[in-house]
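Trainee: Here you go, start_9.cif (mmCIF, C-alpha atoms):
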data_protein
loop_
_atom_site.label_atom_id
_atom_site.label_comp_id
_atom_site.auth_asym_id
_atom_site.auth_seq_id
_atom_site.Cartn_x
_atom_site.Cartn_y
_atom_site.Cartn_z
CA MET A 217 26.62 -7.08 30.74
CA GLU A 218 23.10 -7.95 29.67
CA LYS A 219 23.57 -11.58 30.69
CA SER A 220 24.85 -10.48 34.09
CA VAL A 221 21.69 -8.47 34.72
CA GLU A 222 19.50 -11.34 33.49
CA PHE A 223 21.29 -13.72 35.85
CA MET A 224 20.77 -11.30 38.75
CA ILE A 225 17.04 -11.07 37.98
CA HIS A 226 16.86 -14.88 37.91
CA GLU A 227 18.64 -15.02 41.30
CA PHE A 228 16.23 -12.43 42.72
CA ALA A 229 13.28 -14.63 41.69
CA ALA A 230 14.58 -17.36 43.98
CA ILE A 231 14.53 -15.04 47.02
CA ARG A 232 11.41 -15.57 49.05
CA THR A 233 9.19 -12.52 49.47
CA GLY A 234 6.27 -14.02 51.37
CA LYS A 235 4.23 -14.93 48.31
CA ALA A 236 4.42 -18.26 46.53
CA SER A 237 6.44 -18.44 43.34
CA PRO A 238 7.57 -21.62 41.54
CA ALA A 239 10.95 -19.92 40.95
CA LEU A 240 11.53 -20.25 44.69
CA VAL A 241 12.15 -24.01 44.44
CA GLU A 242 12.50 -24.91 40.75
CA ASN A 243 16.31 -24.90 40.78
CA LEU A 244 16.80 -26.92 43.97
CA ASP A 245 19.15 -29.86 43.49
CA VAL A 246 17.42 -33.16 44.25
CA GLU A 247 19.33 -36.40 44.54
CA ALA A 248 17.17 -38.88 42.64
CA TYR A 249 17.88 -41.90 40.47
CA GLY A 250 21.50 -41.86 41.66
CA SER A 251 22.31 -38.36 40.38
CA ASN A 252 21.59 -34.71 41.11
CA MET A 253 18.72 -33.21 39.15
CA LYS A 254 16.87 -29.90 39.28
CA LEU A 255 13.43 -30.04 40.89
CA LYS A 256 11.79 -28.64 37.75
CA GLN A 257 13.02 -31.76 35.89
CA LEU A 258 11.35 -34.08 38.39
CA ALA A 259 8.03 -32.42 39.10
CA LEU A 260 5.35 -29.96 38.10
CA ILE A 261 5.45 -26.89 40.36
CA SER A 262 2.43 -24.63 40.70
CA ALA A 263 1.17 -21.84 42.96
CA PRO A 264 -2.62 -22.31 43.22
CA GLU A 265 -2.86 -19.77 46.06
CA PRO A 266 -0.75 -16.73 46.97
CA ARG A 267 0.70 -18.53 50.01
CA LEU A 268 0.95 -22.12 48.77
CA LEU A 269 3.19 -24.05 46.39
CA VAL A 270 2.14 -27.48 45.15
CA ILE A 271 4.68 -29.92 43.76
CA GLN A 272 3.47 -32.93 41.75
CA PRO A 273 6.34 -35.36 41.09
CA PHE A 274 6.24 -37.05 37.69
CA ASP A 275 7.26 -40.27 39.47
CA GLY A 276 5.81 -40.92 42.94
CA ALA A 277 9.04 -42.67 43.97
CA THR A 278 10.87 -39.32 44.02
CA THR A 279 8.50 -37.71 46.54
CA ARG A 280 10.75 -38.45 49.55
CA ASP A 281 13.85 -37.28 47.66
CA ILE A 282 12.15 -33.98 46.82
CA GLU A 283 10.98 -33.55 50.42
CA ARG A 284 14.52 -34.15 51.70
CA ALA A 285 15.97 -31.60 49.24
CA ILE A 286 13.47 -28.94 50.33
CA ASN A 287 14.18 -29.62 54.02
CA GLU A 288 17.95 -29.40 53.44
CA SER A 289 17.69 -26.17 51.45
CA ARG A 290 18.26 -22.83 53.18
CA LEU A 291 14.81 -21.53 52.26
CA GLY A 292 13.34 -22.02 55.71
CA ILE A 293 10.13 -23.67 54.48
CA ASN A 294 8.64 -27.00 55.55
CA PRO A 295 7.01 -29.29 52.98
CA ILE A 296 3.90 -31.30 53.77
CA VAL A 297 3.69 -34.64 51.96
CA ASP A 298 0.13 -35.56 51.00
CA GLY A 299 0.29 -38.86 49.13
CA LYS A 300 2.05 -38.05 45.86
CA LEU A 301 1.63 -34.28 46.29
CA ILE A 302 3.94 -32.03 48.24
CA ARG A 303 2.39 -28.86 49.62
CA ILE A 304 4.57 -26.00 50.77
CA PRO A 305 2.83 -23.29 52.78
CA ILE A 306 4.75 -20.02 52.53
CA PRO A 307 4.78 -18.33 55.95
CA GLU A 308 4.96 -14.59 56.58
CA LEU A 309 8.49 -13.26 56.84
CA SER A 310 9.67 -11.81 60.14
CA GLU A 311 11.25 -8.36 60.15
CA GLU A 312 14.67 -9.87 60.88
CA ARG A 313 14.35 -12.35 57.99
CA ARG A 314 13.30 -9.51 55.66
CA LYS A 315 16.46 -7.59 56.57
CA ASP A 316 18.62 -10.67 56.01
CA LEU A 317 17.06 -11.20 52.60
CA ALA A 318 17.62 -7.52 51.75
CA LYS A 319 21.32 -8.02 52.56
CA THR A 320 21.36 -11.06 50.28
CA VAL A 321 19.79 -8.98 47.50
CA LYS A 322 22.53 -6.35 47.91
CA GLN A 323 25.21 -9.07 47.81
CA ILE A 324 23.85 -10.53 44.58
CA ALA A 325 23.64 -7.03 43.09
CA GLU A 326 27.24 -6.28 44.02
CA GLU A 327 28.40 -9.52 42.38
CA CYS A 328 26.49 -8.45 39.26
CA ARG A 329 28.13 -5.00 39.32
CA VAL A 330 31.54 -6.67 39.55
CA ARG A 331 30.72 -8.80 36.48
CA VAL A 332 29.56 -5.70 34.57
CA ARG A 333 32.76 -3.85 35.48
CA GLY A 334 34.75 -6.90 34.38
CA CYS A 335 33.04 -6.69 30.98
CA ARG A 336 33.92 -2.99 30.84
CA ARG A 337 37.57 -3.73 31.63
CA THR A 338 37.69 -6.39 28.91
CA GLY A 339 36.15 -3.97 26.40
CA MET A 340 38.59 -1.20 27.32
CA GLU A 341 41.57 -3.57 26.99
CA ASP A 342 40.35 -4.72 23.57
CA VAL A 343 40.00 -1.14 22.36
CA LYS A 344 43.50 -0.24 23.59
CA LYS A 345 44.89 -3.34 21.92
CA LEU A 346 43.28 -2.30 18.63
CA GLN A 347 44.80 1.17 18.97
CA LYS A 348 48.28 -0.26 19.60
CA GLU A 349 47.92 -2.45 16.50
CA GLY A 350 47.00 0.64 14.52
CA SER A 351 43.52 -0.63 13.61
CA ILE A 352 41.83 2.43 15.11
CA THR A 353 42.88 6.02 15.75
CA GLU A 354 43.38 7.64 19.15
CA ASP A 355 40.14 9.61 18.72
CA SER A 356 38.23 6.44 17.86
CA CYS A 357 39.76 4.79 20.92
CA ARG A 358 38.52 7.61 23.19
CA ASP A 359 35.06 7.49 21.59
CA ALA A 360 34.86 3.72 22.05
CA GLU A 361 35.97 4.00 25.69
CA ALA A 362 33.32 6.67 26.30
CA ALA A 363 30.66 4.44 24.69
CA ILE A 364 31.74 1.48 26.83
CA GLN A 365 31.57 3.63 29.97
CA LYS A 366 28.13 4.92 29.00
CA LEU A 367 26.93 1.33 28.49
CA THR A 368 28.39 0.32 31.86
CA ASP A 369 26.64 3.21 33.59
CA ARG A 370 23.34 2.20 31.98
CA PHE A 371 23.61 -1.38 33.21
CA VAL A 372 24.68 -0.32 36.73
CA ALA A 373 21.63 1.98 36.87
CA GLU A 374 19.45 -0.94 35.75
CA ILE A 375 20.91 -3.10 38.52
CA GLU A 376 20.08 -0.37 41.06
CA LYS A 377 16.53 -0.14 39.76
CA HIS A 378 16.04 -3.90 40.24
CA VAL A 379 17.60 -3.80 43.72
CA VAL A 380 15.28 -1.01 44.86
CA SER A 381 12.29 -2.86 43.43
CA LYS A 382 13.22 -6.16 45.12
CA GLU A 383 13.91 -4.48 48.47
CA ALA A 384 10.53 -2.74 48.32
CA GLU A 385 8.89 -6.08 47.54
CA LEU A 386 10.69 -7.71 50.50
CA MET A 387 9.83 -4.98 52.99
CA LYS A 388 6.16 -4.81 51.98
CA ILE A 389 4.03 -6.59 54.56
#
Rewrite the structure from the file as structure tokens, please.

Mentor:
Amino acid sequence: MEKSVEFMIHEFAAIRTGKASPALVENLDVEAYGSNMKLKQLALISAPEPRLLVIQPFDGATTRDIERAINESRLGINPIVDGKLIRIPIPELSEERRKDLAKTVKQIAEECRVRVRGCRRTGMEDVKKLQKEGSITEDSCRDAEAAIQKLTDRFVAEIEKHVVSKEAELMKI
């Protein structure tokens, strides 16, 4: 359950909010040297200004590959190649784009909730299996199920907290 929430937070970091963040592009797949690599493996990514990302490829030969990967991504940002540097100005988000991104946030959160509920189901099945084997009593089984449900509720509430926070961040102009 914890890993599901951590994954969701990582996914939220890649959603553009109008301010520059290296997490926005660091996991883009770039086809370089005949294979797919993550951008963070090919370049140094920094945000010197609130609305600008700067990418410095370790090898100047990969500059065009990185530019192509950014253009083909669904981020809606246009890189500017300046010699060996790639500058990415982060434009303001339109109201429509903000709403689309809020929907994406809700989708990611729902996928996370499904994973958390899957963990709960697995835990409940394991407890029932232990009871059938005679390893634990019926009372212990009920207590364990209650503890699992309480844990599930805690993680679902944490997911909601992150969703509200991310939506507020997206809608802030």

Trainee: Name every residue that the PyMOL selection byres ((chain A and resi 309-325) around 9) selects in this structure, writing the answer as a ChimeraX atom specification with chains first and numbers rising.

Mentor: /A:221,224,227-228,231-234,306-308,326-330,375-376,378-379,382-383,386-387,389

Trainee: Do you know which residues are at most 10 Å from Cys335 (chain A) counting all atoms listed in the file, after dropping those on the same chain fewer than 3 positions away, and could you put them as a list in words?

Mentor: Met217, Ser220, Arg329, Val330, Arg331, Val332, Thr338, Gly339, Met340, Glu341, Ile364 and Thr368 of chain A

Trainee: Here is a test: counting all atoms listed in the file, which residue of A:Ala285, A:Ala248, A:Leu301, A:Ala236 is nearest to Leu260 (chain A)?

Mentor: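 Smallest distance to Leu260 (chain A) is found for A:Leu301.
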
Trainee: Starting from the shown file, work through the PyMOL selection byres ((chain A and resi 304) around 6) and note down what comes out as an MDAnalysis selection string.

Mentor: chainID A and resid 268:269 295 303 305

Trainee: For the residues selected in the previous step, produce a file with C-alpha atoms as an mmCIF file, keeping the file's coordinate frame.

Mentor:
data_model
loop_
_atom_site.group_PDB
_atom_site.id
_atom_site.type_symbol
_atom_site.label_atom_id
_atom_site.label_comp_id
_atom_site.auth_asym_id
_atom_site.auth_seq_id
_atom_site.Cartn_x
_atom_site.Cartn_y
_atom_site.Cartn_z
ATOM 1 C CA LEU A 268 0.950 -22.120 48.770
ATOM 2 C CA LEU A 269 3.190 -24.050 46.390
ATOM 3 C CA PRO A 295 7.010 -29.290 52.980
ATOM 4 C CA ARG A 303 2.390 -28.860 49.620
ATOM 5 C CA PRO A 305 2.830 -23.290 52.780
#

Trainee: Calculated over all atoms listed in the file, which of the candidates A:Lys300, A:Arg284, A:Arg358, A:Lys345 has the smallest distance to Glu247 (chain A)?

Mentor: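 Looking only at the distances to Glu247 (chain A), the closest residue turns out to be A:Arg284.
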
Trainee: Exactly which residues make up the result of the PyMOL selection byres ((chain A and resi 258) around 10) on this file, given as a VMD selection string?

Mentor: chain A and resid 242 246 248 253 to 257 259 to 261 271 to 276 278 to 279 282

Trainee: With only C-alpha atoms as the basis for distance, which of A:Ala239, A:Val297, A:Ala230, A:Ala362 is at the shortest distance from Ser262 (chain A)?

Mentor: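 Counting only C-alpha atoms, the residue closest to Ser262 (chain A) is A:Ala239.
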
Trainee: Ranking A:Glu265, A:Asp298, A:Asp281, A:Glu222 by minimum distance to Gly250 (chain A) and counting all atoms listed in the file, which one comes first?

Mentor: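 Ranking A:Glu265, A:Asp298, A:Asp281, A:Glu222 by distance to Gly250 (chain A), first place goes to A:Asp281.
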
Trainee: Quote the spacing between CA of Ser381 (chain A) and CA of Gly292 (chain A) in Å to one decimal place.

Mentor: 22.8 Å

Trainee: Please compute the CA of Arg280 (chain A)-CA of Asn294 (chain A) distance, one decimal, in Å.

Mentor: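 Computing it gives 13.1 Å between the two atoms.
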
Trainee: Quote the spacing between CA of Lys235 (chain A) and CA of Ile286 (chain A) in Å to one decimal place.

Mentor: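 About the pair CA of Lys235 (chain A) and CA of Ile286 (chain A): they are 16.9 Å apart.
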
Trainee: Please rebuild region 358-388 of chain A with N, CA and C atoms and return the result as a CSV table (one decimal), keeping the file's coordinate frame.

Mentor:
chain,number,residue,atom,x,y,z
A,358,ARG,N,39.2,6.8,22.1
A,358,ARG,CA,38.5,7.6,23.2
A,358,ARG,C,37.0,7.5,23.1
A,359,ASP,N,36.5,7.6,21.8
A,359,ASP,CA,35.1,7.5,21.6
A,359,ASP,C,34.5,6.1,22.0
A,360,ALA,N,35.3,5.1,21.7
A,360,ALA,CA,34.9,3.7,22.0
A,360,ALA,C,34.9,3.5,23.6
A,361,GLU,N,35.9,4.1,24.2
A,361,GLU,CA,36.0,4.0,25.7
A,361,GLU,C,34.8,4.7,26.3
A,362,ALA,N,34.5,5.9,25.8
A,362,ALA,CA,33.3,6.7,26.3
A,362,ALA,C,32.0,5.9,26.1
A,363,ALA,N,31.9,5.2,25.0
A,363,ALA,CA,30.7,4.4,24.7
A,363,ALA,C,30.6,3.2,25.6
A,364,ILE,N,31.7,2.6,25.9
A,364,ILE,CA,31.7,1.5,26.8
A,364,ILE,C,31.4,1.9,28.2
A,365,GLN,N,31.9,3.1,28.6
A,365,GLN,CA,31.6,3.6,30.0
A,365,GLN,C,30.1,4.0,30.1
A,366,LYS,N,29.5,4.6,29.0
A,366,LYS,CA,28.1,4.9,29.0
A,366,LYS,C,27.3,3.7,29.1
A,367,LEU,N,27.6,2.6,28.4
A,367,LEU,CA,26.9,1.3,28.5
A,367,LEU,C,27.0,0.7,29.9
A,368,THR,N,28.2,0.8,30.5
A,368,THR,CA,28.4,0.3,31.9
A,368,THR,C,27.5,1.1,32.8
A,369,ASP,N,27.5,2.4,32.7
A,369,ASP,CA,26.6,3.2,33.6
A,369,ASP,C,25.2,2.8,33.5
A,370,ARG,N,24.7,2.6,32.2
A,370,ARG,CA,23.3,2.2,32.0
A,370,ARG,C,23.0,0.9,32.7
A,371,PHE,N,23.9,-0.1,32.6
A,371,PHE,CA,23.6,-1.4,33.2
A,371,PHE,C,23.7,-1.3,34.7
A,372,VAL,N,24.6,-0.5,35.3
A,372,VAL,CA,24.7,-0.3,36.7
A,372,VAL,C,23.4,0.4,37.2
A,373,ALA,N,22.9,1.3,36.5
A,373,ALA,CA,21.6,2.0,36.9
A,373,ALA,C,20.5,1.0,36.8
A,374,GLU,N,20.5,0.1,35.8
A,374,GLU,CA,19.4,-0.9,35.8
A,374,GLU,C,19.5,-1.9,36.9
A,375,ILE,N,20.7,-2.2,37.3
A,375,ILE,CA,20.9,-3.1,38.5
A,375,ILE,C,20.3,-2.4,39.7
A,376,GLU,N,20.6,-1.1,39.9
A,376,GLU,CA,20.1,-0.4,41.1
A,376,GLU,C,18.6,-0.4,41.1
A,377,LYS,N,18.0,-0.2,39.9
A,377,LYS,CA,16.5,-0.1,39.8
A,377,LYS,C,15.9,-1.5,40.2
A,378,HIS,N,16.5,-2.6,39.8
A,378,HIS,CA,16.0,-3.9,40.2
A,378,HIS,C,16.2,-4.1,41.7
A,379,VAL,N,17.3,-3.6,42.3
A,379,VAL,CA,17.6,-3.8,43.7
A,379,VAL,C,16.5,-3.0,44.5
A,380,VAL,N,16.3,-1.8,44.2
A,380,VAL,CA,15.3,-1.0,44.9
A,380,VAL,C,13.9,-1.7,44.8
A,381,SER,N,13.6,-2.2,43.6
A,381,SER,CA,12.3,-2.9,43.4
A,381,SER,C,12.2,-4.1,44.3
A,382,LYS,N,13.2,-4.9,44.3
A,382,LYS,CA,13.2,-6.2,45.1
A,382,LYS,C,13.2,-5.9,46.6
A,383,GLU,N,13.9,-4.8,47.1
A,383,GLU,CA,13.9,-4.5,48.5
A,383,GLU,C,12.5,-4.0,48.9
A,384,ALA,N,11.9,-3.2,48.0
A,384,ALA,CA,10.5,-2.7,48.3
A,384,ALA,C,9.6,-3.9,48.4
A,385,GLU,N,9.7,-4.9,47.5
A,385,GLU,CA,8.9,-6.1,47.5
A,385,GLU,C,9.1,-6.9,48.8
A,386,LEU,N,10.4,-7.0,49.3
A,386,LEU,CA,10.7,-7.7,50.5
A,386,LEU,C,10.1,-7.0,51.7
A,387,MET,N,10.2,-5.7,51.8
A,387,MET,CA,9.8,-5.0,53.0
A,387,MET,C,8.3,-4.7,53.1
A,388,LYS,N,7.6,-5.0,52.0
A,388,LYS,CA,6.2,-4.8,52.0
A,388,LYS,C,5.5,-5.9,52.8
